[in-house]
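Source file: work00.pdb (PDB, C-alpha atoms and all ligand atoms)
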ATOM      1  CA  MET A   1     -19.699   5.846 -29.841  1.00  0.00           C
ATOM      2  CA  ALA A   2     -17.798   6.976 -32.917  1.00  0.00           C
ATOM      3  CA  LYS A   3     -14.168   6.073 -33.165  1.00  0.00           C
ATOM      4  CA  VAL A   4     -12.038   8.669 -31.481  1.00  0.00           C
ATOM      5  CA  LYS A   5      -9.639  10.556 -33.690  1.00  0.00           C
ATOM      6  CA  THR A   6      -8.538  13.399 -31.443  1.00  0.00           C
ATOM      7  CA  GLU A   7      -7.194  11.527 -28.442  1.00  0.00           C
ATOM      8  CA  ASN A   8      -6.391  14.580 -26.350  1.00  0.00           C
ATOM      9  CA  THR A   9      -9.934  15.904 -26.303  1.00  0.00           C
ATOM     10  CA  ALA A  10     -11.975  12.708 -25.995  1.00  0.00           C
ATOM     11  CA  SER A  11     -13.269  11.800 -22.580  1.00  0.00           C
ATOM     12  CA  ALA A  12     -15.313   9.224 -20.713  1.00  0.00           C
ATOM     13  CA  GLN A  13     -17.657  10.078 -17.850  1.00  0.00           C
ATOM     14  CA  GLY A  14     -18.205   8.300 -14.561  1.00  0.00           C
ATOM     15  CA  GLN A  15     -20.051   8.744 -11.286  1.00  0.00           C
ATOM     16  CA  CYS A  16     -20.591   7.228  -7.859  1.00  0.00           C
ATOM     17  CA  LEU A  17     -23.669   5.270  -6.864  1.00  0.00           C
ATOM     18  CA  CYS A  18     -25.671   8.253  -5.590  1.00  0.00           C
ATOM     19  CA  GLY A  19     -24.514  10.627  -8.319  1.00  0.00           C
ATOM     20  CA  ALA A  20     -23.174  13.280  -5.931  1.00  0.00           C
ATOM     21  CA  VAL A  21     -19.692  12.826  -7.417  1.00  0.00           C
ATOM     22  CA  GLN A  22     -19.163  12.933 -11.158  1.00  0.00           C
ATOM     23  CA  PHE A  23     -15.917  12.981 -13.100  1.00  0.00           C
ATOM     24  CA  GLU A  24     -14.350  12.524 -16.474  1.00  0.00           C
ATOM     25  CA  ILE A  25     -11.121  11.041 -17.755  1.00  0.00           C
ATOM     26  CA  GLY A  26      -9.286  11.591 -20.972  1.00  0.00           C
ATOM     27  CA  ILE A  27      -9.319   8.571 -23.240  1.00  0.00           C
ATOM     28  CA  PRO A  28      -7.664   6.390 -24.145  1.00  0.00           C
ATOM     29  CA  ALA A  29      -6.655   5.812 -20.533  1.00  0.00           C
ATOM     30  CA  ARG A  30      -3.038   4.932 -19.737  1.00  0.00           C
ATOM     31  CA  TRP A  31      -3.718   1.338 -18.787  1.00  0.00           C
ATOM     32  CA  ALA A  32      -6.155  -0.920 -16.950  1.00  0.00           C
ATOM     33  CA  TRP A  33      -5.749  -3.868 -14.597  1.00  0.00           C
ATOM     34  CA  HIS A  34      -7.351  -6.181 -12.091  1.00  0.00           C
ATOM     35  CA  ASP A  35      -6.138  -5.793  -8.494  1.00  0.00           C
ATOM     36  CA  HIS A  36      -6.553  -8.936  -6.386  1.00  0.00           C
ATOM     37  CA  SER A  37      -4.770  -7.613  -3.289  1.00  0.00           C
ATOM     38  CA  ALA A  38      -6.448  -7.793   0.121  1.00  0.00           C
ATOM     39  CA  ALA A  39      -6.461  -4.003   0.504  1.00  0.00           C
ATOM     40  CA  SER A  40      -8.337  -3.382  -2.717  1.00  0.00           C
ATOM     41  CA  ARG A  41     -10.585  -6.355  -2.076  1.00  0.00           C
ATOM     42  CA  ARG A  42     -11.668  -4.840   1.233  1.00  0.00           C
ATOM     43  CA  ALA A  43     -11.891  -1.274  -0.040  1.00  0.00           C
ATOM     44  CA  HIS A  44     -14.313  -2.415  -2.717  1.00  0.00           C
ATOM     45  CA  GLY A  45     -16.051  -5.172  -0.809  1.00  0.00           C
ATOM     46  CA  ALA A  46     -15.558  -7.325  -3.885  1.00  0.00           C
ATOM     47  CA  ALA A  47     -13.554 -10.306  -5.118  1.00  0.00           C
ATOM     48  CA  TYR A  48     -11.143  -7.931  -6.805  1.00  0.00           C
ATOM     49  CA  ALA A  49     -11.020  -4.381  -8.110  1.00  0.00           C
ATOM     50  CA  THR A  50     -10.568  -3.405 -11.718  1.00  0.00           C
ATOM     51  CA  TYR A  51      -8.884  -0.053 -12.218  1.00  0.00           C
ATOM     52  CA  VAL A  52      -8.285   2.289 -15.092  1.00  0.00           C
ATOM     53  CA  GLY A  53      -5.057   4.190 -14.675  1.00  0.00           C
ATOM     54  CA  CYS A  54      -5.191   7.787 -15.920  1.00  0.00           C
ATOM     55  CA  TRP A  55      -2.744  10.637 -16.029  1.00  0.00           C
ATOM     56  CA  ARG A  56      -3.693  12.950 -13.181  1.00  0.00           C
ATOM     57  CA  SER A  57      -3.724  15.848 -15.639  1.00  0.00           C
ATOM     58  CA  ARG A  58      -6.432  14.072 -17.630  1.00  0.00           C
ATOM     59  CA  PHE A  59      -8.733  13.374 -14.684  1.00  0.00           C
ATOM     60  CA  ARG A  60     -11.289  15.961 -13.599  1.00  0.00           C
ATOM     61  CA  VAL A  61     -14.025  15.960 -10.977  1.00  0.00           C
ATOM     62  CA  THR A  62     -16.953  17.697 -12.663  1.00  0.00           C
ATOM     63  CA  LYS A  63     -19.352  17.590  -9.699  1.00  0.00           C
ATOM     64  CA  GLY A  64     -19.183  16.993  -5.966  1.00  0.00           C
ATOM     65  CA  GLN A  65     -15.522  17.664  -5.173  1.00  0.00           C
ATOM     66  CA  THR A  66     -16.487  18.588  -1.614  1.00  0.00           C
ATOM     67  CA  LYS A  67     -18.334  15.272  -1.204  1.00  0.00           C
ATOM     68  CA  ILE A  68     -15.114  13.311  -1.629  1.00  0.00           C
ATOM     69  CA  THR A  69     -13.475  11.928   1.509  1.00  0.00           C
ATOM     70  CA  ARG A  70      -9.972  10.464   1.680  1.00  0.00           C
ATOM     71  CA  PHE A  71      -8.516   7.537   3.567  1.00  0.00           C
ATOM     72  CA  GLN A  72      -4.767   7.010   3.663  1.00  0.00           C
ATOM     73  CA  GLU A  73      -3.224   3.655   4.560  1.00  0.00           C
ATOM     74  CA  LYS A  74      -0.436   4.545   6.966  1.00  0.00           C
ATOM     75  CA  ALA A  75       1.698   1.518   6.155  1.00  0.00           C
ATOM     76  CA  THR A  76       1.781   2.137   2.408  1.00  0.00           C
ATOM     77  CA  GLY A  77       0.904   5.808   2.013  1.00  0.00           C
ATOM     78  CA  ARG A  78      -1.707   4.827  -0.512  1.00  0.00           C
ATOM     79  CA  THR A  79      -4.815   6.981  -0.568  1.00  0.00           C
ATOM     80  CA  ARG A  80      -8.336   5.934  -1.373  1.00  0.00           C
ATOM     81  CA  SER A  81     -10.969   8.580  -1.959  1.00  0.00           C
ATOM     82  CA  PHE A  82     -14.649   7.820  -1.860  1.00  0.00           C
ATOM     83  CA  CYS A  83     -18.036   9.486  -1.919  1.00  0.00           C
ATOM     84  CA  SER A  84     -18.899  10.530   1.640  1.00  0.00           C
ATOM     85  CA  ARG A  85     -22.584  10.112   0.888  1.00  0.00           C
ATOM     86  CA  CYS A  86     -22.804   6.636  -0.691  1.00  0.00           C
ATOM     87  CA  GLY A  87     -19.346   5.167  -0.048  1.00  0.00           C
ATOM     88  CA  THR A  88     -18.437   4.427  -3.649  1.00  0.00           C
ATOM     89  CA  PRO A  89     -14.642   4.221  -4.164  1.00  0.00           C
ATOM     90  CA  ILE A  90     -13.631   6.986  -6.573  1.00  0.00           C
ATOM     91  CA  ILE A  91      -9.844   7.452  -6.675  1.00  0.00           C
ATOM     92  CA  TYR A  92      -6.941   5.207  -5.694  1.00  0.00           C
ATOM     93  CA  GLU A  93      -3.539   6.911  -5.515  1.00  0.00           C
ATOM     94  CA  ARG A  94      -0.154   5.286  -4.925  1.00  0.00           C
ATOM     95  CA  PRO A  95       2.952   7.212  -3.797  1.00  0.00           C
ATOM     96  CA  HIS A  96       5.287   5.552  -6.292  1.00  0.00           C
ATOM     97  CA  ALA A  97       3.215   6.891  -9.191  1.00  0.00           C
ATOM     98  CA  PRO A  98       2.096  10.379  -8.128  1.00  0.00           C
ATOM     99  CA  GLN A  99       1.333  11.418 -11.684  1.00  0.00           C
ATOM    100  CA  MET A 100      -1.344   8.750 -11.972  1.00  0.00           C
ATOM    101  CA  VAL A 101      -4.823   8.357 -10.550  1.00  0.00           C
ATOM    102  CA  ASN A 102      -6.578   5.014 -10.630  1.00  0.00           C
ATOM    103  CA  ILE A 103     -10.315   4.905 -11.115  1.00  0.00           C
ATOM    104  CA  PRO A 104     -12.585   1.896 -10.602  1.00  0.00           C
ATOM    105  CA  ARG A 105     -13.493   0.736 -14.079  1.00  0.00           C
ATOM    106  CA  ALA A 106     -17.043  -0.008 -12.968  1.00  0.00           C
ATOM    107  CA  LEU A 107     -17.808   3.684 -12.404  1.00  0.00           C
ATOM    108  CA  ILE A 108     -17.266   4.568 -16.041  1.00  0.00           C
ATOM    109  CA  GLY A 109     -20.202   3.969 -18.314  1.00  0.00           C
ATOM    110  CA  GLY A 110     -18.566   4.193 -21.704  1.00  0.00           C
ATOM    111  CA  ARG A 111     -15.377   2.873 -23.199  1.00  0.00           C
ATOM    112  CA  THR A 112     -11.987   3.825 -21.799  1.00  0.00           C
ATOM    113  CA  GLY A 113      -9.760   2.864 -24.685  1.00  0.00           C
ATOM    114  CA  ARG A 114      -7.984   0.238 -22.563  1.00  0.00           C
ATOM    115  CA  GLU A 115      -8.838  -3.360 -21.854  1.00  0.00           C
ATOM    116  CA  PRO A 116      -7.875  -4.654 -18.386  1.00  0.00           C
ATOM    117  CA  ARG A 117      -5.300  -7.225 -19.440  1.00  0.00           C
ATOM    118  CA  TYR A 118      -3.010  -6.971 -16.432  1.00  0.00           C
ATOM    119  CA  HIS A 119      -3.296  -8.468 -12.955  1.00  0.00           C
ATOM    120  CA  ILE A 120      -1.753  -7.406  -9.641  1.00  0.00           C
ATOM    121  CA  ALA A 121      -1.499  -9.906  -6.754  1.00  0.00           C
ATOM    122  CA  ILE A 122      -2.979 -12.733  -8.817  1.00  0.00           C
ATOM    123  CA  ALA A 123      -1.659 -15.161  -6.174  1.00  0.00           C
ATOM    124  CA  GLU A 124      -4.357 -13.766  -3.876  1.00  0.00           C
ATOM    125  CA  LEU A 125      -7.172 -14.701  -6.237  1.00  0.00           C
ATOM    126  CA  GLN A 126      -9.981 -15.930  -4.007  1.00  0.00           C
ATOM    127  CA  ASP A 127     -11.364 -19.385  -4.610  1.00  0.00           C
ATOM    128  CA  TRP A 128     -14.897 -17.996  -4.513  1.00  0.00           C
ATOM    129  CA  THR A 129     -14.280 -15.631  -7.422  1.00  0.00           C
ATOM    130  CA  TYR A 130     -16.549 -16.284 -10.376  1.00  0.00           C
ATOM    131  CA  LEU A 131     -14.349 -17.311 -13.283  1.00  0.00           C
ATOM    132  CA  GLY A 132     -16.933 -17.776 -15.989  1.00  0.00           C
ATOM    133  CA  GLU A 133     -18.068 -21.291 -15.109  1.00  0.00           C
ATOM    134  CA  PRO A 134     -21.144 -22.521 -17.026  1.00  0.00           C
ATOM    135  CA  LEU A 135     -24.396 -21.489 -15.342  1.00  0.00           C
ATOM    136  CA  VAL A 136     -27.943 -22.789 -15.567  1.00  0.00           C
ATOM    137  CA  PRO A 137     -31.280 -21.379 -14.353  1.00  0.00           C
ATOM    138  CA  LEU A 138     -32.200 -22.166 -10.745  1.00  0.00           C
ATOM    139  CA  LYS A 139     -35.637 -23.733 -10.805  1.00  0.00           C
ATOM    140  CA  GLY A 140     -38.234 -21.709  -8.919  1.00  0.00           C
ATOM    141  CA  TYR A 141     -36.068 -18.552  -8.698  1.00  0.00           C
ATOM    142  CA  PRO A 142     -36.545 -16.409 -11.788  1.00  0.00           C
ATOM    143  CA  GLY A 143     -33.438 -14.382 -12.568  1.00  0.00           C
ATOM    144  CA  VAL A 144     -31.138 -16.638 -10.539  1.00  0.00           C
ATOM    145  CA  VAL A 145     -28.640 -18.896 -12.243  1.00  0.00           C
ATOM    146  CA  TRP A 146     -26.142 -21.189 -10.599  1.00  0.00           C
ATOM    147  CA  GLU A 147     -23.176 -23.393 -11.216  1.00  0.00           C
ATOM    148  CA  ARG A 148     -23.925 -27.097 -11.079  1.00  0.00           C
ATOM    149  CA  PRO A 149     -21.611 -28.764  -8.544  1.00  0.00           C
ATOM    150  CA  ALA A 150     -20.503 -31.463 -10.956  1.00  0.00           C
ATOM    151  CA  ALA A 151     -19.168 -28.831 -13.317  1.00  0.00           C
ATOM    152  CA  LYS A 152     -16.196 -27.992 -11.123  1.00  0.00           C
ATOM    153  CA  LYS A 153     -13.897 -30.396  -9.318  1.00  0.00           C
ATOM    154  CA  ARG A 154     -12.224 -27.692  -7.202  1.00  0.00           C
ATOM    155  CA  ARG A 155     -15.515 -26.620  -5.654  1.00  0.00           C
ATOM    156  CA  GLN A 156     -16.402 -30.239  -4.887  1.00  0.00           C
ATOM    157  CA  VAL A 157     -13.258 -30.588  -2.830  1.00  0.00           C
ATOM    158  CA  ILE A 158     -14.106 -27.447  -0.864  1.00  0.00           C
ATOM    159  CA  ARG A 159     -17.610 -28.703  -0.327  1.00  0.00           C
ATOM    160  CA  GLY A 160     -16.298 -31.946   1.146  1.00  0.00           C
ATOM    161  CA  GLN A 161     -14.184 -30.028   3.643  1.00  0.00           C
ATOM    162  CA  SER A 162     -16.776 -27.507   4.736  1.00  0.00           C
ATOM    163  CA  PRO A 163     -19.547 -28.678   7.056  1.00  0.00           C
ATOM    164  CA  GLY A 164     -22.673 -26.666   6.478  1.00  0.00           C
ATOM    165  CA  PHE A 165     -22.014 -25.951   2.852  1.00  0.00           C
ATOM    166  CA  PRO A 166     -25.098 -26.873   0.804  1.00  0.00           C
ATOM    167  CA  ALA A 167     -25.061 -30.459  -0.367  1.00  0.00           C
ATOM    168  CA  PRO A 168     -24.637 -30.879  -4.117  1.00  0.00           C
ATOM    169  CA  ASP A 169     -28.297 -31.773  -4.600  1.00  0.00           C
ATOM    170  CA  ASP A 170     -29.786 -29.010  -2.472  1.00  0.00           C
ATOM    171  CA  HIS A 171     -30.855 -26.805  -5.337  1.00  0.00           C
ATOM    172  CA  ASP A 172     -30.967 -29.271  -8.169  1.00  0.00           C
ATOM    173  CA  GLU A 173     -34.005 -29.657 -10.325  1.00  0.00           C
TER     174      GLU A 173
HETATM  175 ZN    ZN A 201     -22.115   9.029  -3.972  1.00  0.00          ZN
END

Represent the structure from my file as structure tokens, please.
Amino acid sequence: MAKVKTENTASAQGQCLCGAVQFEIGIPARWAWHDHSAASRRAHGAAYATYVGCWRSRFRVTKGQTKITRFQEKATGRTRSFCSRCGTPIIYERPHAPQMVNIPRALIGGRTGREPRYHIAIAELQDWTYLGEPLVPLKGYPGVVWERPAAKKRRQVIRGQSPGFPAPDDHDE
């Protein structure tokens, strides 16, 4: 994509898994971050959620507004909107920042003008999160790579404490 010169008119498009909901945000976005909190972890069914924060005035649902369902956490007042057809999280809103909407970065195909350099609730980082450890092909399973046990001391400790976890040699060549 060509370098953006007119910031107020440039946009990036995104959609849910099934495509029923489509939207666009103005770019560059306000900011972007990784959210390691339990609530976002559960809402996404993932190790953590990466959000792009946008001014509400620069976010627009271009298709499927009526397909969007909302869930509000009573304790926090935070609202999570998702596609009622496929379940994809679409919008995360927080009461303390009503002028902002937060969009899962993964829904947006192109560039957003912001790198996710910030972390929320990093203390909750799960020890099963992939952190870029070296990976090698798993013999006999095309397309599958894995982390050799010897490459990471932390995982070896966990392995020693967890009956039933695959032994270090289980999938070796
Ligand atoms: Zn959908």

Exercise. Dump the neighbourhood of ligand ZN 201 (chain A) as a list in words: all residues within 12 Å, distances computed on all atoms listed in the file.
Key: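 My answer, listing the contacting residues, is Gly14, Gln15, Cys16, Leu17, Cys18, Gly19, Ala20, Val21, Gln22, Phe23, Lys63, Gly64, Gln65, Thr66, Lys67, Ile68, Thr69, Ser81, Phe82, Cys83, Ser84, Arg85, Cys86, Gly87, Thr88, Pro89, Ile90 and Leu107 of chain A.
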
Restricting it to C-alpha atoms, dump the selection as an mmCIF file, keeping the file's coordinate frame.
data_model
loop_
_atom_site.group_PDB
_atom_site.id
_atom_site.type_symbol
_atom_site.label_atom_id
_atom_site.label_comp_id
_atom_site.auth_asym_id
_atom_site.auth_seq_id
_atom_site.Cartn_x
_atom_site.Cartn_y
_atom_site.Cartn_z
ATOM 1 C CA GLY A 14 -18.205 8.300 -14.561
ATOM 2 C CA GLN A 15 -20.051 8.744 -11.286
ATOM 3 C CA CYS A 16 -20.591 7.228 -7.859
ATOM 4 C CA LEU A 17 -23.669 5.270 -6.864
ATOM 5 C CA CYS A 18 -25.671 8.253 -5.590
ATOM 6 C CA GLY A 19 -24.514 10.627 -8.319
ATOM 7 C CA ALA A 20 -23.174 13.280 -5.931
ATOM 8 C CA VAL A 21 -19.692 12.826 -7.417
ATOM 9 C CA GLN A 22 -19.163 12.933 -11.158
ATOM 10 C CA PHE A 23 -15.917 12.981 -13.100
ATOM 11 C CA LYS A 63 -19.352 17.590 -9.699
ATOM 12 C CA GLY A 64 -19.183 16.993 -5.966
ATOM 13 C CA GLN A 65 -15.522 17.664 -5.173
ATOM 14 C CA THR A 66 -16.487 18.588 -1.614
ATOM 15 C CA LYS A 67 -18.334 15.272 -1.204
ATOM 16 C CA ILE A 68 -15.114 13.311 -1.629
ATOM 17 C CA THR A 69 -13.475 11.928 1.509
ATOM 18 C CA SER A 81 -10.969 8.580 -1.959
ATOM 19 C CA PHE A 82 -14.649 7.820 -1.860
ATOM 20 C CA CYS A 83 -18.036 9.486 -1.919
ATOM 21 C CA SER A 84 -18.899 10.530 1.640
ATOM 22 C CA ARG A 85 -22.584 10.112 0.888
ATOM 23 C CA CYS A 86 -22.804 6.636 -0.691
ATOM 24 C CA GLY A 87 -19.346 5.167 -0.048
ATOM 25 C CA THR A 88 -18.437 4.427 -3.649
ATOM 26 C CA PRO A 89 -14.642 4.221 -4.164
ATOM 27 C CA ILE A 90 -13.631 6.986 -6.573
ATOM 28 C CA LEU A 107 -17.808 3.684 -12.404
#

Exercise. Name the residues that the PyMOL selection byres (((chain A and resi 78) around 8) and not hetatm) picks from the file above, as a list in words, using the file's chain letters and numbers.
Key: Gln72, Glu73, Lys74, Thr76, Gly77, Thr79, Arg80, Tyr92, Glu93, Arg94 and Pro95 of chain A

Self-check item: Nearest candidate to A:Pro116 (options A:Pro149, A:Gly26, A:Gly45, A:Gly53; using all atoms listed in the file)
Solution: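 Going through A:Pro149, A:Gly26, A:Gly45, A:Gly53 one by one, the smallest distance to A:Pro116 is for A:Gly53.
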
Would you compute, for all listed atoms of stretch 113-126 of chain A, the axis-aligned bounding box grown by 4 Å on each side, and then report its centre and edge lengths in Å rounded to one decimal, as lines of an AutoDock Vina configuration file?
center_x = -5.7
center_y = -6.5
center_z = -14.3
size_x = 16.5
size_y = 26.8
size_z = 28.8

I'd like a table as JSON lines: residues in stretch 30-64 of chain A with an atom no more than 12 Å from stretch 100-104 of chain A, each row giving the shortest atom pair and its distance in Å to one decimal, all atoms listed in the file counted, sorted by chain and rising residue number.
{"residue": "A:Arg30", "atom": "CA", "partner": "A:Met100", "partner_atom": "CA", "distance": 8.8}
{"residue": "A:Trp31", "atom": "CA", "partner": "A:Asn102", "partner_atom": "CA", "distance": 9.4}
{"residue": "A:Ala32", "atom": "CA", "partner": "A:Asn102", "partner_atom": "CA", "distance": 8.7}
{"residue": "A:Trp33", "atom": "CA", "partner": "A:Asn102", "partner_atom": "CA", "distance": 9.8}
{"residue": "A:His34", "atom": "CA", "partner": "A:Pro104", "partner_atom": "CA", "distance": 9.7}
{"residue": "A:Asp35", "atom": "CA", "partner": "A:Pro104", "partner_atom": "CA", "distance": 10.3}
{"residue": "A:Ser40", "atom": "CA", "partner": "A:Pro104", "partner_atom": "CA", "distance": 10.4}
{"residue": "A:Ala43", "atom": "CA", "partner": "A:Pro104", "partner_atom": "CA", "distance": 11.0}
{"residue": "A:His44", "atom": "CA", "partner": "A:Pro104", "partner_atom": "CA", "distance": 9.2}
{"residue": "A:Ala46", "atom": "CA", "partner": "A:Pro104", "partner_atom": "CA", "distance": 11.8}
{"residue": "A:Tyr48", "atom": "CA", "partner": "A:Pro104", "partner_atom": "CA", "distance": 10.6}
{"residue": "A:Ala49", "atom": "CA", "partner": "A:Pro104", "partner_atom": "CA", "distance": 6.9}
{"residue": "A:Thr50", "atom": "CA", "partner": "A:Pro104", "partner_atom": "CA", "distance": 5.8}
{"residue": "A:Tyr51", "atom": "CA", "partner": "A:Pro104", "partner_atom": "CA", "distance": 4.5}
{"residue": "A:Val52", "atom": "CA", "partner": "A:Ile103", "partner_atom": "CA", "distance": 5.2}
{"residue": "A:Gly53", "atom": "CA", "partner": "A:Asn102", "partner_atom": "CA", "distance": 4.4}
{"residue": "A:Cys54", "atom": "CA", "partner": "A:Val101", "partner_atom": "CA", "distance": 5.4}
{"residue": "A:Trp55", "atom": "CA", "partner": "A:Met100", "partner_atom": "CA", "distance": 4.7}
{"residue": "A:Arg56", "atom": "CA", "partner": "A:Met100", "partner_atom": "CA", "distance": 5.0}
{"residue": "A:Ser57", "atom": "CA", "partner": "A:Met100", "partner_atom": "CA", "distance": 8.3}
{"residue": "A:Arg58", "atom": "CA", "partner": "A:Val101", "partner_atom": "CA", "distance": 9.2}
{"residue": "A:Phe59", "atom": "CA", "partner": "A:Val101", "partner_atom": "CA", "distance": 7.6}
{"residue": "A:Arg60", "atom": "CA", "partner": "A:Val101", "partner_atom": "CA", "distance": 10.4}
{"residue": "A:Val61", "atom": "CA", "partner": "A:Ile103", "partner_atom": "CA", "distance": 11.7}

Quiz item: Which of these residues is nearest to A:Asp127, using all atoms listed in the file: A:Glu24, A:Ala47, A:Gly143, A:Ile108?
Solution: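 When distances to A:Asp127 are compared using all atoms listed in the file, the smallest one comes from A:Ala47.
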
Practice problem: Work out how far atom CA of A:Ala38 is from atom CA of A:Gly110, in Å to one decimal. | Solution: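 Value for the atom CA of A:Gly110-atom CA of A:Ala38 distance: 27.7 Å.
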
Exercise. Report as a ChimeraX atom specification the full result of the PyMOL selection byres (((chain A and resi 113) around 6) and not hetatm) when it is applied to this structure.
Key: /A:27-29,111-112,114

Quiz item: In Å, with one decimal, what is the gap from atom CA of A:Ile120 to atom CA of A:Ser37?
Solution: 7.0 Å

Self-check item: atom CA of A:Ala150 to atom CA of A:Arg41, distance in Å rounded to a single decimal
Solution: 28.4 Å

Quiz item: Once you count only C-alpha atoms, which residues end up no further than 6 Å from (-13.8, 9.8, -22.2) in the file's frame, shown as a count of residues only?
Solution: 7

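Closest to A:Leu135 among A:Ala97, A:Arg148, A:Ala123, A:His36 is A:Arg148, based on all atoms listed in the file.
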
Just save stretch 71-134 of chain A with C-alpha atoms, as a PDB file, in the first residue's frame.
ATOM      1  CA  PHE A  71     -22.182  -8.467  26.083  1.00  0.00           C
ATOM      2  CA  GLN A  72     -21.583  -6.170  29.034  1.00  0.00           C
ATOM      3  CA  GLU A  73     -19.515  -7.242  32.037  1.00  0.00           C
ATOM      4  CA  LYS A  74     -21.556  -6.084  35.013  1.00  0.00           C
ATOM      5  CA  ALA A  75     -18.588  -5.705  37.340  1.00  0.00           C
ATOM      6  CA  THR A  76     -16.619  -3.418  35.034  1.00  0.00           C
ATOM      7  CA  GLY A  77     -19.205  -1.980  32.657  1.00  0.00           C
ATOM      8  CA  ARG A  78     -17.005  -2.999  29.779  1.00  0.00           C
ATOM      9  CA  THR A  79     -18.817  -4.051  26.631  1.00  0.00           C
ATOM     10  CA  ARG A  80     -17.748  -6.618  24.099  1.00  0.00           C
ATOM     11  CA  SER A  81     -19.557  -6.821  20.788  1.00  0.00           C
ATOM     12  CA  PHE A  82     -19.302  -9.817  18.532  1.00  0.00           C
ATOM     13  CA  CYS A  83     -20.763 -11.308  15.385  1.00  0.00           C
ATOM     14  CA  SER A  84     -23.924 -13.206  16.338  1.00  0.00           C
ATOM     15  CA  ARG A  85     -23.377 -15.598  13.456  1.00  0.00           C
ATOM     16  CA  CYS A  86     -19.734 -16.690  13.857  1.00  0.00           C
ATOM     17  CA  GLY A  87     -18.797 -15.349  17.300  1.00  0.00           C
ATOM     18  CA  THR A  88     -15.836 -13.245  16.231  1.00  0.00           C
ATOM     19  CA  PRO A  89     -15.080 -10.442  18.737  1.00  0.00           C
ATOM     20  CA  ILE A  90     -15.541  -7.114  16.954  1.00  0.00           C
ATOM     21  CA  ILE A  91     -15.563  -4.190  19.407  1.00  0.00           C
ATOM     22  CA  TYR A  92     -14.296  -3.800  22.967  1.00  0.00           C
ATOM     23  CA  GLU A  93     -15.465  -0.665  24.788  1.00  0.00           C
ATOM     24  CA  ARG A  94     -14.381   0.574  28.214  1.00  0.00           C
ATOM     25  CA  PRO A  95     -16.355   3.127  30.266  1.00  0.00           C
ATOM     26  CA  HIS A  96     -13.315   5.196  31.220  1.00  0.00           C
ATOM     27  CA  ALA A  97     -12.593   5.911  27.552  1.00  0.00           C
ATOM     28  CA  PRO A  98     -16.003   6.341  25.899  1.00  0.00           C
ATOM     29  CA  GLN A  99     -14.536   8.152  22.920  1.00  0.00           C
ATOM     30  CA  MET A 100     -12.515   5.094  21.957  1.00  0.00           C
ATOM     31  CA  VAL A 101     -13.383   1.745  20.435  1.00  0.00           C
ATOM     32  CA  ASN A 102     -10.921  -1.117  20.528  1.00  0.00           C
ATOM     33  CA  ILE A 103     -10.785  -3.526  17.633  1.00  0.00           C
ATOM     34  CA  PRO A 104      -8.996  -6.882  17.551  1.00  0.00           C
ATOM     35  CA  ARG A 105      -5.924  -6.317  15.429  1.00  0.00           C
ATOM     36  CA  ALA A 106      -6.331  -9.733  13.828  1.00  0.00           C
ATOM     37  CA  LEU A 107      -9.547  -8.698  12.064  1.00  0.00           C
ATOM     38  CA  ILE A 108      -7.818  -6.014  10.036  1.00  0.00           C
ATOM     39  CA  GLY A 109      -6.094  -7.196   6.909  1.00  0.00           C
ATOM     40  CA  GLY A 110      -3.950  -4.208   6.076  1.00  0.00           C
ATOM     41  CA  ARG A 111      -1.757  -1.886   8.062  1.00  0.00           C
ATOM     42  CA  THR A 112      -3.150   0.237  10.875  1.00  0.00           C
ATOM     43  CA  GLY A 113      -0.394   2.782  11.241  1.00  0.00           C
ATOM     44  CA  ARG A 114       0.343   1.612  14.797  1.00  0.00           C
ATOM     45  CA  GLU A 115       2.549  -1.155  16.083  1.00  0.00           C
ATOM     46  CA  PRO A 116       1.346  -2.910  19.261  1.00  0.00           C
ATOM     47  CA  ARG A 117       4.158  -1.870  21.578  1.00  0.00           C
ATOM     48  CA  TYR A 118       2.173  -1.688  24.800  1.00  0.00           C
ATOM     49  CA  HIS A 119       1.031  -4.420  27.176  1.00  0.00           C
ATOM     50  CA  ILE A 120      -1.817  -4.508  29.700  1.00  0.00           C
ATOM     51  CA  ALA A 121      -1.778  -7.066  32.547  1.00  0.00           C
ATOM     52  CA  ILE A 122       1.599  -8.463  31.505  1.00  0.00           C
ATOM     53  CA  ALA A 123       1.815 -10.117  34.946  1.00  0.00           C
ATOM     54  CA  GLU A 124      -0.922 -12.471  33.731  1.00  0.00           C
ATOM     55  CA  LEU A 125       1.122 -13.693  30.781  1.00  0.00           C
ATOM     56  CA  GLN A 126       0.409 -17.409  30.542  1.00  0.00           C
ATOM     57  CA  ASP A 127       3.322 -19.801  30.653  1.00  0.00           C
ATOM     58  CA  TRP A 128       1.960 -21.612  27.606  1.00  0.00           C
ATOM     59  CA  THR A 129       2.099 -18.504  25.425  1.00  0.00           C
ATOM     60  CA  TYR A 130       4.353 -18.900  22.414  1.00  0.00           C
ATOM     61  CA  LEU A 131       7.171 -16.396  22.777  1.00  0.00           C
ATOM     62  CA  GLY A 132       9.099 -17.044  19.603  1.00  0.00           C
ATOM     63  CA  GLU A 133      11.112 -20.052  20.750  1.00  0.00           C
ATOM     64  CA  PRO A 134      13.072 -21.831  17.986  1.00  0.00           C
TER      65      PRO A 134
END
